[in-house]
file coords23.tsv (TSV, C-alpha atoms and all ligand atoms)
chain	number	residue	atom	x	y	z
A	1	MET	CA	61.93	114.08	107.96
A	2	PRO	CA	65.42	113.17	106.68
A	3	PRO	CA	68.32	113.35	109.15
A	4	VAL	CA	69.91	116.70	109.89
A	5	ASP	CA	73.64	117.20	110.46
A	6	PRO	CA	74.54	117.86	114.07
A	7	ALA	CA	76.37	121.11	114.74
A	8	PRO	CA	80.17	120.73	114.87
A	9	PRO	CA	81.61	119.85	118.28
A	10	PRO	CA	82.45	122.83	120.48
A	11	GLU	CA	86.03	124.10	120.27
A	12	GLY	CA	88.35	121.99	122.38
A	13	GLY	CA	86.39	118.79	121.74
A	14	GLY	CA	83.44	117.37	123.61
A	15	ARG	CA	80.22	115.89	122.36
A	16	PRO	CA	78.70	117.31	119.16
A	17	ARG	CA	75.80	119.64	119.81
A	18	PRO	CA	72.33	118.58	118.61
A	19	ALA	CA	71.27	119.73	115.16
A	20	ALA	CA	69.55	123.10	114.78
A	21	ILE	CA	66.73	123.75	112.35
A	22	GLY	CA	65.19	127.00	111.17
A	23	ILE	CA	61.42	127.32	111.09
A	24	ASP	CA	59.60	129.95	109.04
A	25	PHE	CA	56.49	130.26	111.13
A	26	GLY	CA	54.09	131.81	108.64
A	27	THR	CA	50.40	132.57	108.84
A	28	SER	CA	49.37	130.39	105.91
A	29	LYS	CA	52.16	127.85	105.98
A	30	CYS	CA	55.22	126.66	107.81
A	31	CYS	CA	58.59	125.82	106.32
A	32	VAL	CA	61.53	124.05	107.99
A	33	ALA	CA	65.15	124.17	106.84
A	34	ALA	CA	68.46	122.81	108.07
A	35	VAL	CA	72.11	123.00	107.17
A	36	ARG	CA	73.11	119.69	105.58
A	37	ASP	CA	76.43	119.01	103.91
A	38	GLY	CA	77.25	122.68	104.31
A	39	ARG	CA	74.18	124.01	102.48
A	40	VAL	CA	70.73	125.07	103.55
A	41	ASP	CA	68.09	122.49	102.65
A	42	VAL	CA	64.35	122.91	103.00
A	43	LEU	CA	63.06	119.73	104.65
A	44	GLU	CA	60.02	117.80	103.44
A	45	ASN	CA	57.18	116.78	105.72
A	46	GLU	CA	55.88	113.20	105.82
A	47	LEU	CA	53.79	113.88	102.68
A	48	GLY	CA	56.87	115.02	100.76
A	49	GLN	CA	55.78	118.69	100.83
A	50	LYS	CA	58.31	121.48	101.42
A	51	THR	CA	55.73	123.63	103.19
A	52	THR	CA	52.96	122.58	105.56
A	53	PRO	CA	49.67	124.49	105.49
A	54	PHE	CA	49.02	126.19	108.83
A	55	CYS	CA	45.70	124.57	109.49
A	56	VAL	CA	44.58	122.55	112.53
A	57	ALA	CA	41.34	120.62	112.88
A	58	PHE	CA	39.70	118.53	115.55
A	59	ASN	CA	37.19	115.73	115.20
A	60	SER	CA	35.83	113.29	117.74
A	61	GLN	CA	38.79	110.94	117.29
A	62	GLN	CA	41.85	112.98	116.50
A	63	ARG	CA	43.66	116.23	115.85
A	64	LEU	CA	44.58	116.89	112.22
A	65	VAL	CA	47.40	119.17	111.08
A	66	GLY	CA	48.47	120.60	107.70
A	67	SER	CA	47.02	119.26	104.45
A	68	ASP	CA	44.94	116.65	106.30
A	69	ALA	CA	43.21	119.47	108.20
A	70	LEU	CA	42.85	121.65	105.11
A	71	ASP	CA	41.32	118.84	103.06
A	72	GLN	CA	38.40	118.42	105.47
A	73	ALA	CA	37.89	122.14	106.19
A	74	VAL	CA	34.57	122.42	104.35
A	75	VAL	CA	32.90	119.41	105.94
A	76	ASN	CA	34.21	120.18	109.45
A	77	CYS	CA	34.53	123.97	109.33
A	78	ALA	CA	33.27	124.53	112.87
A	79	ASN	CA	36.30	122.64	114.20
A	80	THR	CA	38.95	123.81	111.75
A	81	VAL	CA	41.27	126.74	112.41
A	82	HIS	CA	43.29	128.45	109.69
A	83	ALA	CA	46.06	131.01	110.07
A	84	VAL	CA	46.84	129.95	113.64
A	85	LYS	CA	49.55	132.61	113.90
A	86	SER	CA	46.92	135.38	113.81
A	87	PHE	CA	45.54	134.13	117.13
A	88	LEU	CA	48.83	133.88	118.96
A	89	GLY	CA	48.73	135.63	122.31
A	90	ARG	CA	45.35	137.20	121.59
A	91	THR	CA	42.17	136.99	123.60
A	92	TYR	CA	39.01	135.49	122.15
A	93	GLU	CA	37.45	138.97	122.07
A	94	GLU	CA	40.26	140.20	119.82
A	95	VAL	CA	39.94	137.43	117.26
A	96	LYS	CA	36.33	136.25	117.39
A	97	ASP	CA	35.34	138.01	114.16
A	98	MET	CA	38.23	136.66	112.10
A	99	SER	CA	36.91	134.32	109.43
A	100	SER	CA	39.88	131.98	109.84
A	101	LEU	CA	38.67	131.10	113.36
A	102	CYS	CA	35.64	129.52	111.64
A	103	GLY	CA	33.40	130.12	114.63
A	104	ILE	CA	35.38	128.13	117.23
A	105	GLU	CA	33.65	128.59	120.61
A	106	LYS	CA	35.17	130.82	123.33
A	107	ASN	CA	35.42	128.03	125.86
A	108	TYR	CA	37.35	125.81	123.49
A	109	TYR	CA	39.57	128.69	122.37
A	110	ASP	CA	40.46	129.69	125.93
A	111	ASN	CA	41.15	126.15	127.08
A	112	GLU	CA	42.81	124.58	124.06
A	113	CYS	CA	44.22	127.31	121.83
A	114	GLN	CA	46.14	129.53	124.27
A	115	PRO	CA	48.77	128.73	126.88
A	116	ARG	CA	47.15	129.09	130.27
A	117	ASN	CA	49.90	131.16	131.87
A	118	LEU	CA	50.16	133.69	129.04
A	119	TRP	CA	47.78	136.33	130.30
A	120	THR	CA	49.24	136.56	133.74
A	121	SER	CA	52.78	136.85	132.44
A	122	SER	CA	52.26	139.32	129.64
A	123	ARG	CA	50.01	142.34	129.42
A	124	GLY	CA	50.22	145.52	127.44
A	125	PRO	CA	50.07	146.58	123.83
A	126	ARG	CA	50.17	143.85	121.20
A	127	ASN	CA	52.34	144.11	118.15
A	128	PRO	CA	53.36	141.50	115.57
A	129	LEU	CA	55.40	138.95	117.46
A	130	GLY	CA	55.28	141.12	120.55
A	131	ASN	CA	55.71	139.73	124.04
A	132	ALA	CA	52.52	137.68	124.23
A	133	GLN	CA	53.12	136.24	120.77
A	134	ARG	CA	56.74	135.39	121.52
A	135	LEU	CA	55.75	133.64	124.73
A	136	ALA	CA	53.10	131.67	122.87
A	137	VAL	CA	55.65	130.52	120.26
A	138	LYS	CA	58.09	129.48	122.99
A	139	TYR	CA	55.34	127.64	124.83
A	140	ALA	CA	54.30	125.80	121.64
A	141	ALA	CA	57.94	124.86	120.96
A	142	GLN	CA	58.24	123.51	124.50
A	143	VAL	CA	55.11	121.39	124.01
A	144	ALA	CA	56.64	120.08	120.76
A	145	GLY	CA	59.92	119.24	122.54
A	146	LEU	CA	61.96	121.91	120.74
A	147	GLU	CA	64.42	124.27	122.37
A	148	VAL	CA	64.10	127.78	120.94
A	149	LEU	CA	67.60	129.12	120.27
A	150	GLU	CA	66.41	132.45	118.87
A	151	LEU	CA	63.23	134.06	117.60
A	152	ILE	CA	63.98	136.28	114.62
A	153	ASN	CA	61.62	138.60	112.82
A	154	GLU	CA	61.09	137.37	109.21
A	155	THR	CA	62.33	140.52	107.51
A	156	THR	CA	65.48	140.52	109.64
A	157	ALA	CA	66.07	136.86	108.74
A	158	ALA	CA	65.67	137.76	105.05
A	159	GLY	CA	68.19	140.60	105.49
A	160	VAL	CA	70.71	138.24	107.11
A	161	ALA	CA	70.25	135.68	104.29
A	162	PHE	CA	70.66	138.43	101.73
A	163	VAL	CA	73.98	139.48	103.24
A	164	ASP	CA	75.12	135.87	103.62
A	165	ASN	CA	74.51	135.27	99.94
A	166	ARG	CA	76.77	138.25	99.26
A	167	THR	CA	74.37	139.54	96.62
A	168	VAL	CA	74.80	143.04	97.96
A	169	LYS	CA	77.87	145.27	97.99
A	170	THR	CA	78.40	146.59	101.47
A	171	PRO	CA	78.07	148.98	103.15
A	172	ALA	CA	74.51	149.59	101.97
A	173	VAL	CA	71.06	150.43	103.22
A	174	ILE	CA	68.42	147.93	102.12
A	175	ALA	CA	64.64	147.68	102.50
A	176	VAL	CA	63.02	144.26	102.95
A	177	VAL	CA	59.28	144.10	102.25
A	178	ASP	CA	57.33	140.98	103.23
A	179	PHE	CA	53.74	140.85	102.06
A	180	GLY	CA	52.60	137.67	103.78
A	181	ALA	CA	49.28	136.04	104.47
A	182	GLY	CA	48.78	137.70	107.84
A	183	LYS	CA	50.65	140.97	107.59
A	184	LEU	CA	52.79	143.43	105.70
A	185	ASP	CA	56.23	144.00	107.19
A	186	VAL	CA	58.86	146.49	106.09
A	187	SER	CA	62.37	146.76	107.55
A	188	ILE	CA	65.10	149.20	106.68
A	189	MET	CA	68.53	147.78	107.42
A	190	LYS	CA	72.12	148.86	107.29
A	191	VAL	CA	74.42	146.08	106.08
A	192	ARG	CA	78.13	146.26	106.61
A	193	ASP	CA	80.94	143.69	106.87
A	194	GLY	CA	78.50	140.77	106.87
A	195	SER	CA	76.39	142.18	109.70
A	196	VAL	CA	72.89	143.59	109.65
A	197	GLN	CA	71.59	146.47	111.74
A	198	VAL	CA	67.83	147.11	111.71
A	199	MET	CA	67.32	150.89	111.51
A	200	ALA	CA	63.53	150.88	111.39
A	201	ALA	CA	60.82	148.24	111.22
A	202	ALA	CA	57.07	148.48	110.93
A	203	GLY	CA	54.25	146.10	110.22
A	204	ASN	CA	50.51	146.08	109.74
A	205	THR	CA	48.50	142.98	110.65
A	206	ASN	CA	45.47	144.30	108.76
A	207	ILE	CA	47.21	144.05	105.39
A	208	GLY	CA	47.90	140.53	104.22
A	209	GLY	CA	46.71	137.82	101.85
A	210	CYS	CA	44.10	136.65	104.40
A	211	ASN	CA	42.59	140.16	104.45
A	212	LEU	CA	42.39	140.09	100.66
A	213	ASP	CA	40.66	136.70	100.89
A	214	ASP	CA	38.12	138.10	103.38
A	215	GLU	CA	37.43	141.08	101.11
A	216	LEU	CA	36.98	138.77	98.10
A	217	VAL	CA	34.58	136.54	100.03
A	218	ASP	CA	32.53	139.56	101.19
A	219	HIS	CA	32.43	140.82	97.60
A	220	CYS	CA	31.20	137.44	96.30
A	221	VAL	CA	28.59	137.19	99.09
A	222	GLY	CA	27.31	140.63	97.99
A	223	VAL	CA	27.21	139.62	94.32
A	224	ILE	CA	25.37	136.36	95.10
A	225	GLN	CA	22.86	138.27	97.23
A	226	GLY	CA	22.34	140.99	94.60
A	227	ARG	CA	22.05	138.70	91.58
A	228	HIS	CA	20.35	135.66	93.03
A	229	GLU	CA	18.66	137.09	96.15
A	230	TYR	CA	20.35	134.36	98.16
A	231	ILE	CA	21.97	135.09	101.49
A	232	VAL	CA	25.14	133.12	102.23
A	233	LYS	CA	25.03	132.55	105.96
A	234	GLU	CA	26.19	129.00	106.65
A	235	LYS	CA	29.83	128.67	107.72
A	236	LYS	CA	30.25	125.78	105.35
A	237	GLN	CA	29.14	127.89	102.37
A	238	ARG	CA	31.47	130.71	103.37
A	239	GLU	CA	34.37	128.31	103.74
A	240	ARG	CA	33.69	126.88	100.27
A	241	LEU	CA	33.64	130.42	98.89
A	242	ARG	CA	36.88	131.24	100.69
A	243	ILE	CA	38.67	128.27	99.14
A	244	ALA	CA	37.38	129.28	95.68
A	245	CYS	CA	38.44	132.91	96.22
A	246	VAL	CA	41.99	131.92	97.26
A	247	LYS	CA	42.23	129.78	94.09
A	248	ALA	CA	40.87	132.59	91.92
A	249	LYS	CA	43.30	135.10	93.47
A	250	LYS	CA	46.27	132.99	92.42
A	301	LIG	N1	50.17	133.76	93.05
A	301	LIG	C1	49.64	134.41	94.08
A	301	LIG	N2	48.93	135.54	93.91
A	301	LIG	C2	48.38	136.19	94.96
A	301	LIG	N3	48.52	135.80	96.24
A	301	LIG	C3	49.24	134.68	96.45
A	301	LIG	C4	49.84	133.93	95.41
A	301	LIG	N4	50.51	132.88	95.96
A	301	LIG	C5	50.31	132.96	97.29
A	301	LIG	N5	49.53	134.02	97.57
A	301	LIG	C6	49.10	134.45	98.91
A	301	LIG	O1	50.24	134.79	99.66
A	301	LIG	C7	49.98	134.50	101.04
A	301	LIG	C8	51.09	133.60	101.54
A	301	LIG	O2	52.29	134.34	101.54
A	301	LIG	P1	53.48	133.94	102.51
A	301	LIG	O3	53.79	132.49	102.33
A	301	LIG	O4	54.56	134.95	102.32
A	301	LIG	O5	52.75	134.19	103.90
A	301	LIG	P2	53.09	133.56	105.32
A	301	LIG	O6	54.55	133.49	105.49
A	301	LIG	O7	52.31	132.29	105.49
A	301	LIG	O8	52.41	134.64	106.29
A	301	LIG	P3	53.07	135.77	107.23
A	301	LIG	O9	54.48	135.97	106.82
A	301	LIG	O10	52.20	136.98	106.98
A	301	LIG	O11	52.90	135.28	108.62
A	301	LIG	C9	48.60	133.78	101.10
A	301	LIG	O12	47.61	134.72	101.50
A	301	LIG	C10	48.40	133.33	99.67
A	301	LIG	O13	47.01	133.24	99.35
A	302	MG	MG	55.96	134.85	106.12

call {"tool": "encode", "arguments": {"input": "coords23.tsv", "output": "structure tokens"}}
result
Amino acid sequence: MPPVDPAPPPEGGGRPRPAAIGIDFGTSKCCVAAVRDGRVDVLENELGQKTTPFCVAFNSQQRLVGSDALDQAVVNCANTVHAVKSFLGRTYEEVKDMSSLCGIEKNYYDNECQPRNLWTSSRGPRNPLGNAQRLAVKYAAQVAGLEVLELINETTAAGVAFVDNRTVKTPAVIAVVDFGAGKLDVSIMKVRDGSVQVMAAAGNTNIGGCNLDDELVDHCVGVIQGRHEYIVKEKKQRERLRIACVKAKK
């Protein structure tokens, strides 16, 4: 990753503060940006890509992340996890039927995919980036050696960027709609004098691109069964179908 400008020194002198980066932690992909030379720049990963697919895979030798994990998803589907964000702060029982889990075993999920202290520290209703999810993100950041300055909901971040770009005359009431891979989020915000106040926000984790993919795969499985009397049951076949459906959708 290219170097990132450090933040200016605090008023009154002193050592410059370390650089801050912004991470869009999406369900299908992750994007990192920083302020460089006074403008926001999206940073490239080591493959020169501006977004990194949110896919993690394990084999007997190593852990693969991003495109490397995605590229081997068909041949190693039992050990490949897509859409990691959907599993954040959720028990195995809650996610075991999700196709993106690709049949990862409970034992492995409990021991490797969730922070151990999460369930004792956070109970109660789950909502998108609710308490358990926020704790899981902070825990992951800690493991990665990052200090979390602030966790901001995506639609709120979009609202702030919108106001910063001064593309809107204020005061105004705006609606930000984010149809992502894992959810649909809508926020109504009041913008005034460069500030944003969220008046209402709602989301649905059952409406997203991944859900469309699942529906498409189920549809194709039905068509294959009806026309060719062949039952698609192997994970590998389903994964191959999923990749084809995502391509067809676009
Ligand atoms: N041209 C396209 N037509 C239809 N769907 C598309 C197209 N391009 C991308 N998608 C879908 O959009 C979704 C990715 O959107 P986005 O990058 O906003 O999601 P995300 O930020 O990863 O997820 P989230 O915000 O829900 O956590 C994927 O499901 C992808 O298949
Ligand atoms: Mg998103």

call {"tool": "residues_near_ligand", "arguments": {"input": "coords23.tsv", "ligand": "ligand LIG 301 (chain A)", "cutoff": "7 Å", "atoms": "all atoms listed in the file", "output": "PDB file with C-alpha atoms, in the coordinates of the input"}}
result
ATOM      1  CA  PHE A  25      56.490 130.260 111.130  1.00  0.00           C
ATOM      2  CA  GLY A  26      54.090 131.810 108.640  1.00  0.00           C
ATOM      3  CA  THR A  27      50.400 132.570 108.840  1.00  0.00           C
ATOM      4  CA  SER A  28      49.370 130.390 105.910  1.00  0.00           C
ATOM      5  CA  LYS A  29      52.160 127.850 105.980  1.00  0.00           C
ATOM      6  CA  CYS A  30      55.220 126.660 107.810  1.00  0.00           C
ATOM      7  CA  LYS A  85      49.550 132.610 113.900  1.00  0.00           C
ATOM      8  CA  ASP A 178      57.330 140.980 103.230  1.00  0.00           C
ATOM      9  CA  PHE A 179      53.740 140.850 102.060  1.00  0.00           C
ATOM     10  CA  GLY A 180      52.600 137.670 103.780  1.00  0.00           C
ATOM     11  CA  ALA A 181      49.280 136.040 104.470  1.00  0.00           C
ATOM     12  CA  GLY A 182      48.780 137.700 107.840  1.00  0.00           C
ATOM     13  CA  LYS A 183      50.650 140.970 107.590  1.00  0.00           C
ATOM     14  CA  LEU A 184      52.790 143.430 105.700  1.00  0.00           C
ATOM     15  CA  GLY A 208      47.900 140.530 104.220  1.00  0.00           C
ATOM     16  CA  GLY A 209      46.710 137.820 101.850  1.00  0.00           C
ATOM     17  CA  CYS A 210      44.100 136.650 104.400  1.00  0.00           C
ATOM     18  CA  VAL A 246      41.990 131.920  97.260  1.00  0.00           C
ATOM     19  CA  LYS A 249      43.300 135.100  93.470  1.00  0.00           C
ATOM     20  CA  LYS A 250      46.270 132.990  92.420  1.00  0.00           C
TER      21      LYS A 250
END

call {"tool": "residues_around", "arguments": {"input": "coords23.tsv", "residues": "Val95 (chain A)", "least_positions_apart": "6", "cutoff": "12 Å", "atoms": "all atoms listed in the file", "output": "list in words"}}
result
Val81, Ala83, Val84, Lys85, Ser86, Phe87, Leu88, Gly89, Leu101, Cys102, Gly103, Ile104, Glu105, Lys106, Tyr109, Asp110 and Cys113 of chain A

call {"tool": "closest_residue", "arguments": {"input": "coords23.tsv", "among": "A:Asn59, A:Thr51, A:Thr91, A:Gln133", "to": "ligand MG 302 (chain A)", "atoms": "all atoms listed in the file"}}
result
A:Thr51

call {"tool": "residues_near_point", "arguments": {"input": "coords23.tsv", "point": "(63.9, 135.4, 110.3)", "cutoff": "12 Å", "atoms": "only C-alpha atoms", "output": "list of chain:residue names"}}
result
A:Gly22, A:Ile23, A:Asp24, A:Phe25, A:Gly26, A:Cys31, A:Val32, A:Ala33, A:Leu129, A:Glu150, A:Leu151, A:Ile152, A:Asn153, A:Glu154, A:Thr155, A:Thr156, A:Ala157, A:Ala158, A:Gly159, A:Val160, A:Ala161, A:Phe162, A:Val176, A:Asp178, A:Asp185, A:Ser187

call {"tool": "atom_distance", "arguments": {"input": "coords23.tsv", "atom1": "CA of Lys169 (chain A)", "atom2": "CA of Ala20 (chain A)"}}
result
29.0 Å

call {"tool": "atom_distance", "arguments": {"input": "coords23.tsv", "atom1": "CA of Leu47 (chain A)", "atom2": "CA of Ala69 (chain A)"}}
result
13.2 Å

call {"tool": "closest_residue", "arguments": {"input": "coords23.tsv", "among": "A:Leu149, A:Thr170, A:Arg227, A:Phe54", "to": "ligand MG 302 (chain A)", "atoms": "all atoms listed in the file"}}
result
A:Phe54

call {"tool": "closest_residue", "arguments": {"input": "coords23.tsv", "among": "A:Pro53, A:Gly226, A:Gly145, A:Pro171", "to": "Val196 (chain A)", "atoms": "all atoms listed in the file"}}
result
A:Pro171

call {"tool": "axis_aligned_box", "arguments": {"input": "coords23.tsv", "around": "region 38-52 of chain A", "padding_each_side": "6 Å", "output": "JSON"}}
result
{"center_x": 65.1, "center_y": 119.1, "center_z": 103.3, "size_x": 36.3, "size_y": 23.9, "size_z": 17.1}

call {"tool": "decode", "arguments": {"input": "coords23.tsv", "residues": "region 224-235 of chain A", "atoms": "N, CA, C and O atoms", "output": "mmCIF file, in the first residue's frame"}}
result
data_model
loop_
_atom_site.group_PDB
_atom_site.id
_atom_site.type_symbol
_atom_site.label_atom_id
_atom_site.label_comp_id
_atom_site.auth_asym_id
_atom_site.auth_seq_id
_atom_site.Cartn_x
_atom_site.Cartn_y
_atom_site.Cartn_z
ATOM 1 N N ILE A 224 -32.599 -27.036 -13.639
ATOM 2 C CA ILE A 224 -31.749 -28.185 -13.993
ATOM 3 C C ILE A 224 -32.468 -29.495 -13.617
ATOM 4 O O ILE A 224 -32.492 -30.461 -14.386
ATOM 5 N N GLN A 225 -33.098 -29.458 -12.434
ATOM 6 C CA GLN A 225 -33.803 -30.667 -11.968
ATOM 7 C C GLN A 225 -34.997 -30.981 -12.880
ATOM 8 O O GLN A 225 -35.196 -32.126 -13.284
ATOM 9 N N GLY A 226 -35.771 -29.928 -13.227
ATOM 10 C CA GLY A 226 -36.963 -30.110 -14.052
ATOM 11 C C GLY A 226 -36.623 -30.556 -15.472
ATOM 12 O O GLY A 226 -37.231 -31.473 -16.005
ATOM 13 N N ARG A 227 -35.607 -29.922 -16.054
ATOM 14 C CA ARG A 227 -35.311 -30.207 -17.470
ATOM 15 C C ARG A 227 -34.451 -31.439 -17.656
ATOM 16 O O ARG A 227 -34.572 -32.153 -18.639
ATOM 17 N N HIS A 228 -33.524 -31.648 -16.733
ATOM 18 C CA HIS A 228 -32.544 -32.721 -16.958
ATOM 19 C C HIS A 228 -32.648 -33.842 -15.920
ATOM 20 O O HIS A 228 -31.827 -34.764 -15.937
ATOM 21 N N GLU A 229 -33.607 -33.707 -15.009
ATOM 22 C CA GLU A 229 -33.795 -34.705 -13.935
ATOM 23 C C GLU A 229 -32.475 -34.971 -13.202
ATOM 24 O O GLU A 229 -32.131 -36.109 -12.900
ATOM 25 N N TYR A 230 -31.748 -33.890 -12.978
ATOM 26 C CA TYR A 230 -30.465 -34.016 -12.270
ATOM 27 C C TYR A 230 -30.534 -33.160 -11.005
ATOM 28 O O TYR A 230 -30.907 -31.985 -11.056
ATOM 29 N N ILE A 231 -30.202 -33.763 -9.892
ATOM 30 C CA ILE A 231 -30.273 -33.002 -8.636
ATOM 31 C C ILE A 231 -28.885 -32.463 -8.284
ATOM 32 O O ILE A 231 -27.929 -33.237 -8.137
ATOM 33 N N VAL A 232 -28.814 -31.122 -8.187
ATOM 34 C CA VAL A 232 -27.545 -30.488 -7.790
ATOM 35 C C VAL A 232 -27.440 -30.589 -6.279
ATOM 36 O O VAL A 232 -28.210 -29.966 -5.557
ATOM 37 N N LYS A 233 -26.526 -31.392 -5.783
ATOM 38 C CA LYS A 233 -26.426 -31.464 -4.326
ATOM 39 C C LYS A 233 -25.008 -31.232 -3.800
ATOM 40 O O LYS A 233 -24.822 -30.899 -2.651
ATOM 41 N N GLU A 234 -24.011 -31.382 -4.655
ATOM 42 C CA GLU A 234 -22.634 -31.175 -4.171
ATOM 43 C C GLU A 234 -22.369 -29.689 -3.972
ATOM 44 O O GLU A 234 -22.783 -28.859 -4.789
ATOM 45 N N LYS A 235 -21.649 -29.374 -2.895
ATOM 46 C CA LYS A 235 -21.325 -27.963 -2.605
ATOM 47 C C LYS A 235 -20.551 -27.327 -3.757
ATOM 48 O O LYS A 235 -20.735 -26.180 -4.110
#
